[in-house]
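Q: Pasting data-v2.pdb below, which is PDB, C-alpha atoms.
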```
ATOM      1  CA  MET Y   1     -86.504 -58.855 -40.193
ATOM      2  CA  THR Y   2     -85.511 -61.701 -37.983
ATOM      3  CA  PHE Y   3     -87.084 -64.862 -36.805
ATOM      4  CA  SER Y   4     -85.956 -66.847 -33.876
ATOM      5  CA  LEU Y   5     -85.151 -70.477 -33.729
ATOM      6  CA  PRO Y   6     -85.349 -71.985 -30.288
ATOM      7  CA  SER Y   7     -82.039 -71.435 -28.515
ATOM      8  CA  LEU Y   8     -79.503 -74.022 -29.540
ATOM      9  CA  ASP Y   9     -78.914 -75.061 -25.947
ATOM     10  CA  GLN Y  10     -82.655 -75.709 -25.560
ATOM     11  CA  LEU Y  11     -83.078 -78.037 -28.509
ATOM     12  CA  PRO Y  12     -85.914 -80.360 -27.408
ATOM     13  CA  ASP Y  13     -85.287 -84.102 -27.116
ATOM     14  CA  PRO Y  14     -87.489 -85.007 -30.130
ATOM     15  CA  ALA Y  15     -85.321 -82.747 -32.301
ATOM     16  CA  ILE Y  16     -82.206 -84.769 -31.478
ATOM     17  CA  GLY Y  17     -81.384 -88.186 -32.913
ATOM     18  CA  LEU Y  18     -78.221 -89.980 -31.852
ATOM     19  CA  GLN Y  19     -76.288 -92.746 -33.611
ATOM     20  CA  VAL Y  20     -78.950 -93.219 -36.255
ATOM     21  CA  GLU Y  21     -78.397 -96.022 -38.744
ATOM     22  CA  ALA Y  22     -78.482 -94.616 -42.272
ATOM     23  CA  ALA Y  23     -77.285 -96.533 -45.308
ATOM     24  CA  ASP Y  24     -77.203 -93.523 -47.614
ATOM     25  CA  TRP Y  25     -77.600 -89.749 -47.659
ATOM     26  CA  ARG Y  26     -81.326 -89.842 -48.407
ATOM     27  CA  THR Y  27     -81.938 -91.967 -45.329
ATOM     28  CA  ALA Y  28     -79.812 -89.550 -43.291
ATOM     29  CA  VAL Y  29     -81.847 -86.560 -44.507
ATOM     30  CA  ARG Y  30     -85.079 -88.465 -43.807
ATOM     31  CA  ALA Y  31     -83.847 -89.071 -40.256
ATOM     32  CA  VAL Y  32     -83.374 -85.371 -39.619
ATOM     33  CA  ALA Y  33     -86.729 -84.677 -41.294
ATOM     34  CA  ALA Y  34     -88.311 -87.158 -38.877
ATOM     35  CA  ALA Y  35     -86.736 -85.223 -35.994
ATOM     36  CA  LEU Y  36     -88.120 -81.925 -37.355
ATOM     37  CA  THR Y  37     -91.530 -83.601 -37.624
ATOM     38  CA  ALA Y  38     -91.345 -85.141 -34.151
ATOM     39  CA  ALA Y  39     -90.492 -81.754 -32.664
ATOM     40  CA  GLY Y  40     -93.487 -80.157 -34.410
ATOM     41  CA  TYR Y  41     -91.518 -77.931 -36.793
ATOM     42  CA  ALA Y  42     -92.473 -79.503 -40.107
ATOM     43  CA  GLU Y  43     -94.654 -82.011 -41.873
ATOM     44  CA  PRO Y  44     -93.116 -85.096 -43.485
ATOM     45  CA  THR Y  45     -93.237 -83.587 -46.978
ATOM     46  CA  TYR Y  46     -90.557 -81.130 -45.877
ATOM     47  CA  GLY Y  47     -88.103 -84.044 -45.858
ATOM     48  CA  ASP Y  48     -88.981 -84.781 -49.487
ATOM     49  CA  ARG Y  49     -88.261 -81.157 -50.353
ATOM     50  CA  MET Y  50     -84.930 -81.194 -48.523
ATOM     51  CA  ILE Y  51     -83.938 -84.242 -50.571
ATOM     52  CA  ALA Y  52     -85.194 -82.617 -53.789
ATOM     53  CA  LEU Y  53     -82.947 -79.609 -53.167
ATOM     54  CA  VAL Y  54     -79.885 -81.851 -53.079
ATOM     55  CA  GLU Y  55     -81.075 -83.742 -56.136
ATOM     56  CA  GLU Y  56     -81.457 -80.442 -57.978
ATOM     57  CA  TYR Y  57     -78.284 -78.653 -56.896
ATOM     58  CA  GLY Y  58     -75.958 -81.358 -55.613
ATOM     59  CA  PRO Y  59     -74.580 -82.009 -52.142
ATOM     60  CA  TYR Y  60     -73.728 -78.372 -51.420
ATOM     61  CA  ILE Y  61     -75.462 -78.715 -48.032
ATOM     62  CA  VAL Y  62     -72.306 -80.478 -46.805
ATOM     63  CA  ILE Y  63     -70.814 -77.203 -45.660
ATOM     64  CA  ALA Y  64     -67.903 -78.398 -43.552
ATOM     65  CA  PRO Y  65     -66.025 -81.661 -43.029
ATOM     66  CA  GLY Y  66     -68.496 -84.181 -41.616
ATOM     67  CA  LEU Y  67     -71.398 -81.717 -41.406
ATOM     68  CA  ALA Y  68     -74.503 -81.426 -43.600
ATOM     69  CA  MET Y  69     -77.139 -78.746 -43.140
ATOM     70  CA  ALA Y  70     -80.325 -80.000 -44.762
ATOM     71  CA  HIS Y  71     -82.964 -77.394 -45.530
ATOM     72  CA  ALA Y  72     -85.506 -76.344 -48.123
ATOM     73  CA  ARG Y  73     -87.412 -73.221 -48.981
ATOM     74  CA  PRO Y  74     -90.157 -72.063 -46.633
ATOM     75  CA  GLY Y  75     -93.533 -73.596 -47.441
ATOM     76  CA  PRO Y  76     -96.871 -74.652 -45.981
ATOM     77  CA  ASP Y  77     -95.269 -77.819 -44.655
ATOM     78  CA  VAL Y  78     -93.122 -75.756 -42.278
ATOM     79  CA  LEU Y  79     -95.102 -75.321 -39.063
ATOM     80  CA  ALA Y  80     -92.582 -73.291 -37.054
ATOM     81  CA  PRO Y  81     -88.979 -72.173 -37.370
ATOM     82  CA  GLY Y  82     -86.854 -74.943 -36.013
ATOM     83  CA  LEU Y  83     -83.652 -76.887 -35.963
ATOM     84  CA  ALA Y  84     -82.995 -80.594 -35.554
ATOM     85  CA  LEU Y  85     -79.772 -82.545 -35.249
ATOM     86  CA  VAL Y  86     -79.046 -86.176 -36.035
ATOM     87  CA  THR Y  87     -75.760 -88.026 -35.616
ATOM     88  CA  LEU Y  88     -75.033 -91.076 -37.726
ATOM     89  CA  ALA Y  89     -73.794 -94.399 -36.358
ATOM     90  CA  THR Y  90     -71.753 -94.791 -39.533
ATOM     91  CA  PRO Y  91     -70.676 -91.726 -41.536
ATOM     92  CA  VAL Y  92     -72.372 -91.456 -44.925
ATOM     93  CA  ALA Y  93     -71.088 -90.059 -48.222
ATOM     94  CA  PHE Y  94     -73.209 -87.308 -49.768
ATOM     95  CA  GLY Y  95     -70.990 -87.061 -52.840
ATOM     96  CA  HIS Y  96     -69.247 -83.852 -51.772
ATOM     97  CA  ALA Y  97     -65.751 -83.440 -53.165
ATOM     98  CA  HIS Y  98     -64.172 -82.129 -49.973
ATOM     99  CA  ASN Y  99     -66.335 -82.614 -46.912
ATOM    100  CA  ASP Y 100     -67.491 -86.261 -47.038
ATOM    101  CA  PRO Y 101     -68.241 -88.411 -45.138
ATOM    102  CA  VAL Y 102     -70.997 -86.852 -43.046
ATOM    103  CA  SER Y 103     -71.472 -87.786 -39.408
ATOM    104  CA  VAL Y 104     -73.691 -84.897 -38.227
ATOM    105  CA  VAL Y 105     -76.824 -83.763 -40.085
ATOM    106  CA  LEU Y 106     -78.590 -80.545 -39.151
ATOM    107  CA  GLY Y 107     -82.129 -79.890 -40.350
ATOM    108  CA  LEU Y 108     -83.309 -76.304 -40.638
ATOM    109  CA  ALA Y 109     -86.919 -75.219 -41.161
ATOM    110  CA  ALA Y 110     -87.877 -71.610 -41.829
ATOM    111  CA  THR Y 111     -91.347 -70.141 -42.210
ATOM    112  CA  GLU Y 112     -90.712 -67.125 -44.395
ATOM    113  CA  ALA Y 113     -88.311 -66.307 -47.169
ATOM    114  CA  ASP Y 114     -86.097 -63.240 -47.290
ATOM    115  CA  GLN Y 115     -85.706 -63.079 -43.564
ATOM    116  CA  HIS Y 116     -82.444 -62.408 -41.919
ATOM    117  CA  VAL Y 117     -81.952 -65.660 -40.106
ATOM    118  CA  ALA Y 118     -80.490 -64.354 -36.885
ATOM    119  CA  SER Y 119     -80.214 -67.670 -35.150
ATOM    120  CA  VAL Y 120     -78.215 -69.174 -37.968
ATOM    121  CA  ALA Y 121     -75.440 -66.811 -36.899
ATOM    122  CA  ALA Y 122     -75.372 -68.668 -33.623
ATOM    123  CA  LEU Y 123     -74.739 -71.863 -35.587
ATOM    124  CA  ALA Y 124     -71.769 -70.202 -37.212
ATOM    125  CA  ASN Y 125     -70.393 -69.460 -33.764
ATOM    126  CA  VAL Y 126     -70.729 -73.079 -32.747
ATOM    127  CA  PHE Y 127     -69.229 -74.669 -35.828
ATOM    128  CA  ASN Y 128     -66.416 -72.203 -36.394
ATOM    129  CA  ASP Y 129     -64.784 -74.382 -33.744
ATOM    130  CA  GLU Y 130     -63.727 -77.377 -35.826
ATOM    131  CA  SER Y 131     -63.682 -79.697 -32.813
ATOM    132  CA  VAL Y 132     -67.468 -79.471 -32.449
ATOM    133  CA  VAL Y 133     -68.466 -81.797 -35.307
ATOM    134  CA  PRO Y 134     -66.450 -84.782 -34.026
ATOM    135  CA  ALA Y 135     -67.597 -84.038 -30.473
ATOM    136  CA  LEU Y 136     -71.251 -83.997 -31.556
ATOM    137  CA  ALA Y 137     -70.766 -87.170 -33.597
ATOM    138  CA  ALA Y 138     -69.564 -88.906 -30.441
ATOM    139  CA  ALA Y 139     -72.244 -87.468 -28.135
ATOM    140  CA  VAL Y 140     -74.180 -90.065 -26.157
ATOM    141  CA  SER Y 141     -77.062 -87.985 -24.789
ATOM    142  CA  PRO Y 142     -79.279 -85.057 -25.808
ATOM    143  CA  ASP Y 143     -77.907 -83.149 -22.818
ATOM    144  CA  GLU Y 144     -74.396 -83.510 -24.195
ATOM    145  CA  VAL Y 145     -75.576 -82.205 -27.590
ATOM    146  CA  ARG Y 146     -77.233 -79.205 -25.951
ATOM    147  CA  ARG Y 147     -74.118 -78.511 -23.930
ATOM    148  CA  LEU Y 148     -71.904 -78.603 -27.029
ATOM    149  CA  LEU Y 149     -74.281 -76.350 -28.962
ATOM    150  CA  GLY Y 150     -74.780 -73.987 -26.069
ATOM    151  CA  ALA Y 151     -71.148 -73.501 -25.181
ATOM    152  CA  ALA Y 152     -70.407 -71.284 -28.148
ATOM    153  CA  ALA Y 153     -73.889 -70.159 -29.150
ATOM    154  CA  GLY Y 154     -74.059 -67.391 -26.602
ATOM    155  CA  ALA Y 155     -70.956 -65.699 -27.924
ATOM    156  CA  ASP Y 156     -70.938 -62.382 -29.726
ATOM    157  CA  LEU Y 157     -72.868 -62.613 -32.985
ATOM    158  CA  SER Y 158     -71.444 -59.528 -34.662
TER     159      SER Y 158
ATOM    160  CA  MET J   1     -68.461 -53.367 -52.684
ATOM    161  CA  LYS J   2     -71.384 -55.756 -52.895
ATOM    162  CA  ILE J   3     -71.022 -59.437 -52.069
ATOM    163  CA  VAL J   4     -73.764 -62.061 -52.349
ATOM    164  CA  ALA J   5     -73.652 -65.498 -50.704
ATOM    165  CA  ILE J   6     -75.647 -68.059 -52.660
ATOM    166  CA  CYS J   7     -77.238 -71.364 -51.705
ATOM    167  CA  GLY J   8     -80.039 -73.507 -53.092
ATOM    168  CA  ALA J   9     -82.804 -72.140 -50.893
ATOM    169  CA  GLY J  10     -81.411 -68.838 -49.614
ATOM    170  CA  ILE J  11     -82.243 -69.503 -45.980
ATOM    171  CA  GLY J  12     -79.646 -71.807 -44.522
ATOM    172  CA  THR J  13     -76.188 -72.377 -45.837
ATOM    173  CA  SER J  14     -75.979 -69.014 -47.590
ATOM    174  CA  GLU J  15     -76.727 -67.312 -44.276
ATOM    175  CA  ILE J  16     -73.873 -69.206 -42.612
ATOM    176  CA  LEU J  17     -71.614 -68.109 -45.441
ATOM    177  CA  ARG J  18     -72.845 -64.507 -45.169
ATOM    178  CA  VAL J  19     -72.136 -64.341 -41.437
ATOM    179  CA  ASN J  20     -68.636 -65.733 -41.816
ATOM    180  CA  ALA J  21     -67.900 -63.518 -44.835
ATOM    181  CA  VAL J  22     -68.764 -60.470 -42.730
ATOM    182  CA  ARG J  23     -66.305 -61.676 -40.106
ATOM    183  CA  ALA J  24     -63.610 -62.270 -42.721
ATOM    184  CA  LEU J  25     -64.139 -58.791 -44.179
ATOM    185  CA  GLU J  26     -63.769 -57.280 -40.713
ATOM    186  CA  ARG J  27     -60.402 -59.013 -40.445
ATOM    187  CA  LEU J  28     -59.429 -57.573 -43.810
ATOM    188  CA  ASP J  29     -60.783 -54.146 -42.901
ATOM    189  CA  ILE J  30     -62.863 -54.105 -46.097
ATOM    190  CA  GLU J  31     -66.259 -52.446 -46.165
ATOM    191  CA  ALA J  32     -68.885 -54.379 -48.066
ATOM    192  CA  ASP J  33     -72.596 -55.006 -48.262
ATOM    193  CA  VAL J  34     -72.985 -58.767 -47.840
ATOM    194  CA  SER J  35     -76.331 -60.438 -48.500
ATOM    195  CA  ALA J  36     -77.620 -64.000 -48.827
ATOM    196  CA  SER J  37     -79.765 -65.273 -51.643
ATOM    197  CA  ASP J  38     -80.761 -68.412 -53.490
ATOM    198  CA  VAL J  39     -79.406 -69.685 -56.745
ATOM    199  CA  ALA J  40     -82.728 -69.270 -58.556
ATOM    200  CA  SER J  41     -82.643 -65.507 -57.991
ATOM    201  CA  VAL J  42     -78.906 -65.040 -58.437
ATOM    202  CA  GLY J  43     -79.483 -63.101 -61.647
ATOM    203  CA  SER J  44     -81.282 -60.257 -59.892
ATOM    204  CA  ALA J  45     -79.721 -60.591 -56.439
ATOM    205  CA  ALA J  46     -76.191 -60.481 -57.796
ATOM    206  CA  ALA J  47     -76.739 -58.262 -60.845
ATOM    207  CA  ASP J  48     -74.540 -55.497 -59.427
ATOM    208  CA  ALA J  49     -72.402 -57.631 -57.112
ATOM    209  CA  GLN J  50     -68.624 -57.687 -57.361
ATOM    210  CA  VAL J  51     -68.283 -61.047 -55.654
ATOM    211  CA  ILE J  52     -70.469 -64.159 -55.415
ATOM    212  CA  LEU J  53     -69.629 -66.582 -52.624
ATOM    213  CA  THR J  54     -70.837 -70.148 -53.007
ATOM    214  CA  SER J  55     -70.186 -73.873 -52.759
ATOM    215  CA  PRO J  56     -68.241 -75.861 -55.382
ATOM    216  CA  GLU J  57     -71.493 -77.691 -56.101
ATOM    217  CA  LEU J  58     -73.398 -74.578 -57.116
ATOM    218  CA  VAL J  59     -70.914 -72.937 -59.467
ATOM    219  CA  GLY J  60     -72.483 -74.569 -62.498
ATOM    220  CA  ALA J  61     -75.982 -73.467 -61.533
ATOM    221  CA  ILE J  62     -74.966 -69.820 -61.174
ATOM    222  CA  GLY J  63     -74.208 -69.462 -64.858
ATOM    223  CA  ARG J  64     -72.780 -66.407 -66.541
ATOM    224  CA  THR J  65     -71.986 -63.436 -64.349
ATOM    225  CA  ASN J  66     -69.680 -60.460 -64.294
ATOM    226  CA  ALA J  67     -68.948 -61.016 -60.617
ATOM    227  CA  ASP J  68     -65.955 -62.907 -59.292
ATOM    228  CA  VAL J  69     -67.257 -66.292 -58.190
ATOM    229  CA  VAL J  70     -65.411 -67.299 -55.013
ATOM    230  CA  VAL J  71     -65.806 -70.970 -54.102
ATOM    231  CA  ILE J  72     -65.737 -71.875 -50.419
ATOM    232  CA  GLU J  73     -65.234 -75.504 -49.435
ATOM    233  CA  ASN J  74     -65.541 -75.239 -45.647
ATOM    234  CA  TYR J  75     -68.120 -72.620 -44.661
ATOM    235  CA  PHE J  76     -66.788 -72.487 -41.129
ATOM    236  CA  ASP J  77     -63.114 -72.041 -41.991
ATOM    237  CA  LEU J  78     -62.498 -68.328 -41.514
ATOM    238  CA  GLU J  79     -58.913 -68.737 -42.737
ATOM    239  CA  GLU J  80     -60.127 -70.121 -46.068
ATOM    240  CA  ILE J  81     -62.844 -67.488 -46.442
ATOM    241  CA  THR J  82     -60.499 -64.645 -45.506
ATOM    242  CA  ALA J  83     -57.729 -65.775 -47.868
ATOM    243  CA  LYS J  84     -60.077 -66.255 -50.803
ATOM    244  CA  LEU J  85     -61.857 -62.947 -50.268
ATOM    245  CA  GLU J  86     -58.531 -61.172 -49.961
ATOM    246  CA  ALA J  87     -57.408 -62.698 -53.263
ATOM    247  CA  ALA J  88     -60.649 -61.674 -54.952
ATOM    248  CA  VAL J  89     -61.035 -58.118 -53.675
ATOM    249  CA  GLY J  90     -57.826 -57.169 -51.878
TER     250      GLY J  90
END
```
Could I get this file's structure written as structure tokens?
A:
Amino acid sequence: MTFSLPSLDQLPDPAIGLQVEAADWRTAVRAVAAALTAAGYAEPTYGDRMIALVEEYGPYIVIAPGLAMAHARPGPDVLAPGLALVTLATPVAFGHAHNDPVSVVLGLAATEADQHVASVAALANVFNDESVVPALAAAVSPDEVRRLLGAAAGADLS
Amino acid sequence: MKIVAICGAGIGTSEILRVNAVRALERLDIEADVSASDVASVGSAAADAQVILTSPELVGAIGRTNADVVVIENYFDLEEITAKLEAAVG
């Protein structure tokens, strides 16, 4: 089973937030939740659930230096599979022992559990290049974000 | 060889870890069945697993297991993942 996120290089403008002011990690996660909502992927309660996951299990969503991938389980507040990306004007600590502070926050919404999330593999292709997080953090336009995400996303997913 | 990547929800970060673990195992020329699951179902998902891959933050939530728990700090660092998998199963 697979489901498809929109292609990374076609992330719509509402799903991208640049240089967002966030005083703490909750505000940063709310910003990416707002982008998921604006793009029509989720309802606002999804942001509460993304925060609750971190409150329950800790800041494990900070999966690489400077990069958090906020997500929660599928639920009725997910309207469509989707991805959003927010960069922070000032990096924020999530409390992760190794990968703080965070400058790029991804938000992932999925509609069904137990699916093989094919498009997430494309994310792995993008971020296996360690120069991408700082480049995204410095991006000044949605087009630049799409270009950075698209450059590696089309590579072999095996 | 069965390997399970674990995250809080089973849809996002564990899938990243699964994909990169498969790549690391290819480098090591080790055959393994690698799946992704969430920490709430780790008991059943990893019951017969040899290795559990996860974040430092989730080790405590995984609890008692017979599997080797391999902690990955940077999910996109194939060098780290490869070295730690090699130490655990090589």
Q: Applied to this file, what does the ChimeraX specification (/Y :<8) & /J return in terms of residues, put as an MDAnalysis selection string?
A: chainID J and resid 7:13 15:16 19:20 23 37 55:58 61 73:78
Q: Of the residues J:Ala87, J:Leu17, J:Ile62, J:Ala67, which is the one nearest to J:Ala40, using all atoms listed in the file?
A: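 When distances to J:Ala40 are compared using all atoms listed in the file, the smallest one comes from J:Ile62.
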Q: Suppose a student applies the PyMOL selection byres ((chain J and resi 6) around 6) to this structure; what residues should they get, written as a short mmCIF file (atom, residue, chain, number, x, y, z; two decimals) with C-alpha atoms, in the coordinates of the input?
A:
```
data_model
loop_
_atom_site.label_atom_id
_atom_site.label_comp_id
_atom_site.auth_asym_id
_atom_site.auth_seq_id
_atom_site.Cartn_x
_atom_site.Cartn_y
_atom_site.Cartn_z
CA ALA J 5 -73.65 -65.50 -50.70
CA CYS J 7 -77.24 -71.36 -51.70
CA SER J 14 -75.98 -69.01 -47.59
CA ALA J 36 -77.62 -64.00 -48.83
CA SER J 37 -79.76 -65.27 -51.64
CA ASP J 38 -80.76 -68.41 -53.49
CA VAL J 39 -79.41 -69.68 -56.74
CA THR J 54 -70.84 -70.15 -53.01
#
```
Q: Could you name the residues that touch Y:Pro142 at 9 Å or less, counting only C-alpha atoms, but leaving out those on the same chain fewer than 5 positions away, as JSON, numbers by chain?
A: {"Y": [11, 12, 13, 16, 17, 18, 147]}
Q: Quick one: residues within 12 Å of Y:Arg146, all atoms listed in the file, excluding same-chain residues fewer than 4 positions away - as a PDB file with C-alpha atoms, in the frame of the given file?
A:
```pdb
ATOM      1  CA  PRO Y   6     -85.349 -71.985 -30.288  1.00  0.00           C
ATOM      2  CA  SER Y   7     -82.039 -71.435 -28.515  1.00  0.00           C
ATOM      3  CA  LEU Y   8     -79.503 -74.022 -29.540  1.00  0.00           C
ATOM      4  CA  ASP Y   9     -78.914 -75.061 -25.947  1.00  0.00           C
ATOM      5  CA  GLN Y  10     -82.655 -75.709 -25.560  1.00  0.00           C
ATOM      6  CA  LEU Y  11     -83.078 -78.037 -28.509  1.00  0.00           C
ATOM      7  CA  PRO Y  12     -85.914 -80.360 -27.408  1.00  0.00           C
ATOM      8  CA  ASP Y  13     -85.287 -84.102 -27.116  1.00  0.00           C
ATOM      9  CA  ALA Y  15     -85.321 -82.747 -32.301  1.00  0.00           C
ATOM     10  CA  ILE Y  16     -82.206 -84.769 -31.478  1.00  0.00           C
ATOM     11  CA  ALA Y  84     -82.995 -80.594 -35.554  1.00  0.00           C
ATOM     12  CA  LEU Y  85     -79.772 -82.545 -35.249  1.00  0.00           C
ATOM     13  CA  VAL Y 126     -70.729 -73.079 -32.747  1.00  0.00           C
ATOM     14  CA  VAL Y 132     -67.468 -79.471 -32.449  1.00  0.00           C
ATOM     15  CA  ALA Y 135     -67.597 -84.038 -30.473  1.00  0.00           C
ATOM     16  CA  LEU Y 136     -71.251 -83.997 -31.556  1.00  0.00           C
ATOM     17  CA  ALA Y 139     -72.244 -87.468 -28.135  1.00  0.00           C
ATOM     18  CA  VAL Y 140     -74.180 -90.065 -26.157  1.00  0.00           C
ATOM     19  CA  SER Y 141     -77.062 -87.985 -24.789  1.00  0.00           C
ATOM     20  CA  PRO Y 142     -79.279 -85.057 -25.808  1.00  0.00           C
ATOM     21  CA  GLY Y 150     -74.780 -73.987 -26.069  1.00  0.00           C
ATOM     22  CA  ALA Y 151     -71.148 -73.501 -25.181  1.00  0.00           C
ATOM     23  CA  ALA Y 152     -70.407 -71.284 -28.148  1.00  0.00           C
ATOM     24  CA  ALA Y 153     -73.889 -70.159 -29.150  1.00  0.00           C
TER      25      ALA Y 153
END
```
Q: Padding 8 Å on every side, please: axis-aligned box over the listed atoms of stretch 16-22 of chain J, centre and edge lengths to one decimal in Å, as JSON.
A:
```
{"center_x": -70.9, "center_y": -64.8, "center_z": -43.4, "size_x": 22.0, "size_y": 24.7, "size_z": 20.0}
```
Q: Can you tell me how far atom CA of J:Arg64 sits from atom CA of Y:Arg49, in Å to one decimal?
A: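 Taking atom CA of J:Arg64 as the start and atom CA of Y:Arg49 as the end point, the length is 26.8 Å.
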Q: Can you list what the PyMOL selection byres ((chain Y and resi 27) around 12) grabs from this structure, as a VMD selection string?
A: chain Y and resid 20 to 26 28 to 34 47 to 48 50 to 51 86 88 91 to 94 105
Q: Using all atoms listed in the file, which of the listed residues (J:Thr65, J:Ile72, J:Val22, J:Ala88) sits closest to J:Ala47?
A: J:Thr65
Q: Suppose you want the space between atom CA of Y:Val78 and atom CA of Y:Gly40; what is it in Å?
A: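 Spanning atom CA of Y:Val78 to atom CA of Y:Gly40 is a straight-line distance of 9.0 Å.
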Q: Restricting the calculation to only C-alpha atoms, which member of J:Ala21, J:Val89, J:Val4, J:Ile81 is positioned closest to J:Gly43?
A: J:Val4
